[in-house]
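Peer 1: Take this structure, written in structure tokens, and hold onto it; I'll ask about it next.
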Amino acid sequence: MYWKSFSRAEINQKVEEALNKNASYAKGEVMGTPATYLDEDEFYPDASFLKDAPFLRTLIANPNHIGCHTLSKESSPIFKGTQAIERELIQICSEEIFKSPKNGIDGYVATGGTEANIEAMWIYRNYYKKEYGAKNNQIGVVYSEDTHYSIPKGGDLLGLKSIILPVDQDDRSININCLEENIAKAKKEGVKYFIVILNVSTTMFGSVDEIEPVVEVFDRDETVFKLHLDAAFGGFIYPFTNPNSVHNFNNPRVSSISIDAHKMLQTPYGTGIFLIRKGYMHYVTNDQAQYVPGLDYTLCGSRSGANAIVIWMLLMNYGSEGWTKKMQDIIERTDYVCKRLDEMGVKYFRNPHINIVTIKANSIPNGIAKKYELVADTYEHMPSWWKIVVMDHVKYDLLKRFLDELEGELAAK
Ligand SMILES: Cc1ncc(COP(=O)(O)O)c(C=O)c1O
């Protein structure tokens with residue numbers, strides 16, 4: 001994995017060049033779109049700081065990145081400058097971070113992990129319908145009980161059957177015997193085609209689902225499946241902290257991946273990324289979008305080009321080496337938490353390449369968990385787990401305060 005870092009001045013200049021290649025509302029170059037720059041009373045276009053703020057300049061210029069710009073079909077020439085940056089961003093994410101072959105991936109900046117996950121399910125549902133003549137009730141979505149709720153949400157919207165797999169309560173791995181039983185049962189009920197979603201990592205535990213044991217079950221009797229990886233949480237950390245990761249496009253079984261920049265990469269909300277091997281986007285082409293040059297393939301439709309720019313800016317600011325270092329530092333801080341918890345005999349789950357530590361609720365007083373705003377596995381009844389996510393702001397002094405207080409309370413018990 002390698003991409004170079006750029007100085008702030010270089011990033012600013014590249015965004016300026018991209019904006020100059022776009023048609024400009026401010027210069028009176030566009031008359032047909034139902035859009036313009038952001039309101040001038042609220043968003044001062046002449047504020048002096050804007051010259052050093054390329055994201056805000058793009059936000060105000062308000063390019064619409066509707067459509068999917070990695071497809072060979074021409075998309076809107078009005079915003080071709082910033083769309084080219086989005087293409088470069090998709091290329092870095094797919095080729096450098098997720099090891100795809102060169103120019104092998106389509107993708108776009110989605111609203112978030114939810115949209116990217118549902119986009120994948122939508123594409124595979126339509127693929128099975130078109131290529132196999134499948135009916136909705138013949139398509140099953142397979143995922144673990146620890147999977148994010150965007151997957152059942154997508155299944156509900158798309159009219160697909162959910163097949164939920166139990167996990168081991170200690171190591172959070174998918175129970176492969178149950179997978180076999182559930183697939184056999186679903187087949188008896190008429191399900192023939194499967195959409196498998198595996199996590200890199202789960203929201204609550206940071207667990208990463210193993211690919212091979214799951215794929216083996218499907219391969220054994222040549223069951224038809226497509227594999228999507230939900231890397232909404234782990235996408236910007238796991239590939240950097242686990243050099244032996246097989247959760248990428250180098251693995252021929254992986255067809256698509258969701259990543260959220262608005263988690264680890266610290267970009268504003270609205271910055272998810274959807275990546276899929278070439279040859280699939282057209283299953284969701286909307287032929288009715290005739291007024292959009294290049295048509296539309298996304299769930300969201302209109303979307304701000306500034307979101308693509310800001311993800312690209314972050315990646316360029318760090319370069320691959322800077323970002324790897326930052327993620328390694330976060331892992332070291334997480335290791336510190338685990339070491340202290342081990343010393344106290346507190347029970348928890350943690351994947352060593354992920355910055356989530358999920359503590360058994362009976363190991364920690366509720367008061368401390370609430371005081372430090374740990375997140376519970378449920379707010380509907382008594383929680384079984386509380387999680388810490390070691391994000392950028394969760395520094396050693398905060399962790400130490402929490403751990404010292406926990407240690408004091410446990411000792412006093
Ligand atoms: C694993 C996983 N998938 C999907 C999502 C949904 O992402 P978003 O909230 O960006 O739609 C999340 C959010 O926490 C997540 O952790």
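Identifiers in the structure tokens: chain A, B, ... in order shown; residue index from 1 per chain; ligand index from 1 in order shown.
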Give the strand (DSSP E or B) residues of range 161-389 of chain A, as DSSP finds them on the backbone, and put them as an MDAnalysis selection string.

Peer 2: chainID A and resid 161:165 167 174 193:200 208 224:231 254:260 272:277 286 296 304 348:349 356:360 375:376 385:389

Peer 1: Do you know which residues are at most 8 Å from range 237-243 of chain A counting only C-alpha atoms, after dropping those on the same chain fewer than 3 positions away, and could you put them as an MDAnalysis selection string?

Peer 2: chainID A and resid 97:98 200 234 264 323:324 327:328 331 353:354

Peer 1: Considering only C-alpha atoms, return as a PyMOL selection string whatever protein or nucleic-acid residues lie within 9 Å of Pro101 in chain A, sequence-local ones (same chain, fewer than 5 positions apart) excluded.

Peer 2: chain A and resi 94-95+249-250

Peer 1: For the selection just defined, write its residues with C-alpha atoms to a file, as a PDB file, in the first residue's frame.

Peer 2:
```
ATOM      1  CA  SER A  94      -9.935   0.168  -3.901  1.00  0.00           C
ATOM      2  CA  GLU A  95      -6.400  -0.312  -5.256  1.00  0.00           C
ATOM      3  CA  PHE A 249     -10.385  -7.456  -3.364  1.00  0.00           C
ATOM      4  CA  ASN A 250      -7.287  -9.615  -3.629  1.00  0.00           C
TER       5      ASN A 250
END
```

Peer 1: Using DSSP on the backbone coordinates, identify the residues of range 21-189 of chain A assigned to alpha helix (DSSP H); present them as a PyMOL selection string.

Peer 2: chain A and resi 21+54-61+80-91+113-132+150-158+176-188

Peer 1: Name the residues in contact with range 44-47 of chain A at a cut-off of 9 Å, using only C-alpha atoms, excluding same-chain residues fewer than 4 positions from it; report them as a list of chain:residue names.

Peer 2: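 After dropping sequence-adjacent residues, the list is A:Leu38, A:Asp39, A:Glu40, A:Lys51, A:Arg57, A:Ile60, A:Ala61.
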
Peer 1: Please identify the residues whose atoms come within 10 Å of ligand 1, using only C-alpha atoms and all ligand atoms, and report them as a ChimeraX atom specification.

Peer 2: /A:110-118,146-151,198-208,229-235,258-263,269-273

Peer 1: Hey, what's within 12 Å of Leu299 in chain A if we count only C-alpha atoms and toss same-chain stuff fewer than 3 positions away? As a list in words, please?

Peer 2: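 Contacts, with the query itself left out: Ile66, Gly67, Cys68, Tyr108, Val109, Ala110, Thr111, Gly112, Thr114, Glu115, Ala116, Asn117, Ile118, Glu119, Ala120, Met121, Trp122, Ile123, Gly154, Leu157, Phe274, Met281, Val284, Thr285, Asn286, Asp296, Ser302 and Arg303 of chain A.
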
Peer 1: Given the selection you just returned, output its residues as a file containing N, CA and C atoms, formatted as a compact mmCIF listing (two decimals), in the first residue's frame.

Peer 2:
```
# COMPACT_ATOMS: atom_id res chain seq x y z
N ILE A 66 -24.07 13.74 -8.44
CA ILE A 66 -25.08 12.73 -8.78
C ILE A 66 -24.53 11.73 -9.81
N GLY A 67 -24.85 10.45 -9.63
CA GLY A 67 -24.38 9.42 -10.56
C GLY A 67 -23.14 8.71 -10.05
N CYS A 68 -22.54 7.91 -10.92
CA CYS A 68 -21.36 7.12 -10.55
C CYS A 68 -20.28 7.43 -11.59
N TYR A 108 -18.64 4.99 -5.46
CA TYR A 108 -19.03 6.40 -5.28
C TYR A 108 -19.06 6.75 -3.80
N VAL A 109 -19.12 8.04 -3.53
CA VAL A 109 -19.20 8.51 -2.14
C VAL A 109 -20.68 8.54 -1.76
N ALA A 110 -21.04 7.64 -0.86
CA ALA A 110 -22.43 7.50 -0.44
C ALA A 110 -22.66 8.32 0.84
N THR A 111 -23.90 8.35 1.28
CA THR A 111 -24.20 9.12 2.50
C THR A 111 -23.56 8.49 3.73
N GLY A 112 -23.32 7.20 3.68
CA GLY A 112 -22.71 6.53 4.83
C GLY A 112 -22.74 5.02 4.63
N THR A 114 -24.76 2.86 5.89
CA THR A 114 -26.12 2.34 5.66
C THR A 114 -26.42 2.31 4.17
N GLU A 115 -26.21 3.46 3.51
CA GLU A 115 -26.50 3.50 2.07
C GLU A 115 -25.61 2.51 1.31
N ALA A 116 -24.32 2.49 1.63
CA ALA A 116 -23.40 1.63 0.88
C ALA A 116 -23.81 0.16 1.03
N ASN A 117 -24.21 -0.24 2.24
CA ASN A 117 -24.65 -1.62 2.45
C ASN A 117 -25.92 -1.93 1.66
N ILE A 118 -26.85 -1.00 1.69
CA ILE A 118 -28.13 -1.25 0.98
C ILE A 118 -27.90 -1.25 -0.53
N GLU A 119 -26.99 -0.38 -1.00
CA GLU A 119 -26.66 -0.36 -2.43
C GLU A 119 -26.16 -1.75 -2.87
N ALA A 120 -25.29 -2.35 -2.05
CA ALA A 120 -24.75 -3.69 -2.40
C ALA A 120 -25.89 -4.69 -2.48
N MET A 121 -26.76 -4.69 -1.48
CA MET A 121 -27.86 -5.66 -1.45
C MET A 121 -28.80 -5.45 -2.63
N TRP A 122 -29.03 -4.19 -2.98
CA TRP A 122 -29.93 -3.82 -4.10
C TRP A 122 -29.34 -4.36 -5.42
N ILE A 123 -28.03 -4.15 -5.58
CA ILE A 123 -27.36 -4.62 -6.81
C ILE A 123 -27.48 -6.14 -6.92
N GLY A 154 -32.04 -2.94 5.06
CA GLY A 154 -31.98 -3.14 3.61
C GLY A 154 -32.82 -4.33 3.18
N LEU A 157 -36.42 -3.21 3.15
CA LEU A 157 -36.73 -2.34 2.01
C LEU A 157 -36.79 -3.12 0.69
N PHE A 274 -18.78 3.42 -1.30
CA PHE A 274 -19.22 2.12 -1.79
C PHE A 274 -18.28 1.68 -2.91
N MET A 281 -22.59 -2.38 -11.39
CA MET A 281 -23.38 -1.16 -11.13
C MET A 281 -24.62 -1.10 -12.03
N VAL A 284 -28.43 -1.66 -11.21
CA VAL A 284 -29.33 -0.69 -10.58
C VAL A 284 -29.43 0.60 -11.41
N THR A 285 -29.15 0.50 -12.70
CA THR A 285 -29.29 1.70 -13.54
C THR A 285 -30.73 2.11 -13.54
N ASN A 286 -30.91 3.41 -13.42
CA ASN A 286 -32.27 3.91 -13.47
C ASN A 286 -32.48 4.58 -14.82
N ASP A 296 -28.20 7.53 -13.40
CA ASP A 296 -27.91 7.42 -11.98
C ASP A 296 -27.91 5.96 -11.57
N SER A 302 -28.83 13.10 -5.82
CA SER A 302 -27.94 14.27 -5.67
C SER A 302 -27.08 14.12 -4.42
N ARG A 303 -25.82 14.50 -4.55
CA ARG A 303 -24.91 14.44 -3.39
C ARG A 303 -23.82 15.48 -3.59
```

Peer 1: May I ask which of the residues A:Pro54, A:Pro63, A:Pro293, A:Pro365 is the closest one to Ala26 in chain A, counting only C-alpha atoms?

Peer 2: A:Pro63

Peer 1: When distances are computed from only C-alpha atoms, which of A:Ser320, A:Gln169, A:Asn22, A:Ser363 shows the smallest separation from Tyr2 in chain A?

Peer 2: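 Comparing A:Ser320, A:Gln169, A:Asn22, A:Ser363 against Tyr2 in chain A, the winner is A:Ser320.
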
Peer 1: Excluding range 335-344 of chain A and residues on its chain fewer than 6 positions from it, collect all residues at most 10 Å away from it, counting only C-alpha atoms, and give them as JSON, numbers by chain.

Peer 2: {"A": [329, 350, 352, 353, 354, 355, 357, 359, 363, 388, 390, 396, 399, 400, 402, 403, 404, 406, 407, 410, 411]}

Peer 1: Select, from A:Asn175, A:Asn362, A:Ser255, A:Gln138, the residue with the minimum atom-to-atom distance to Val196 in chain A, counting only C-alpha atoms.

Peer 2: A:Ser255
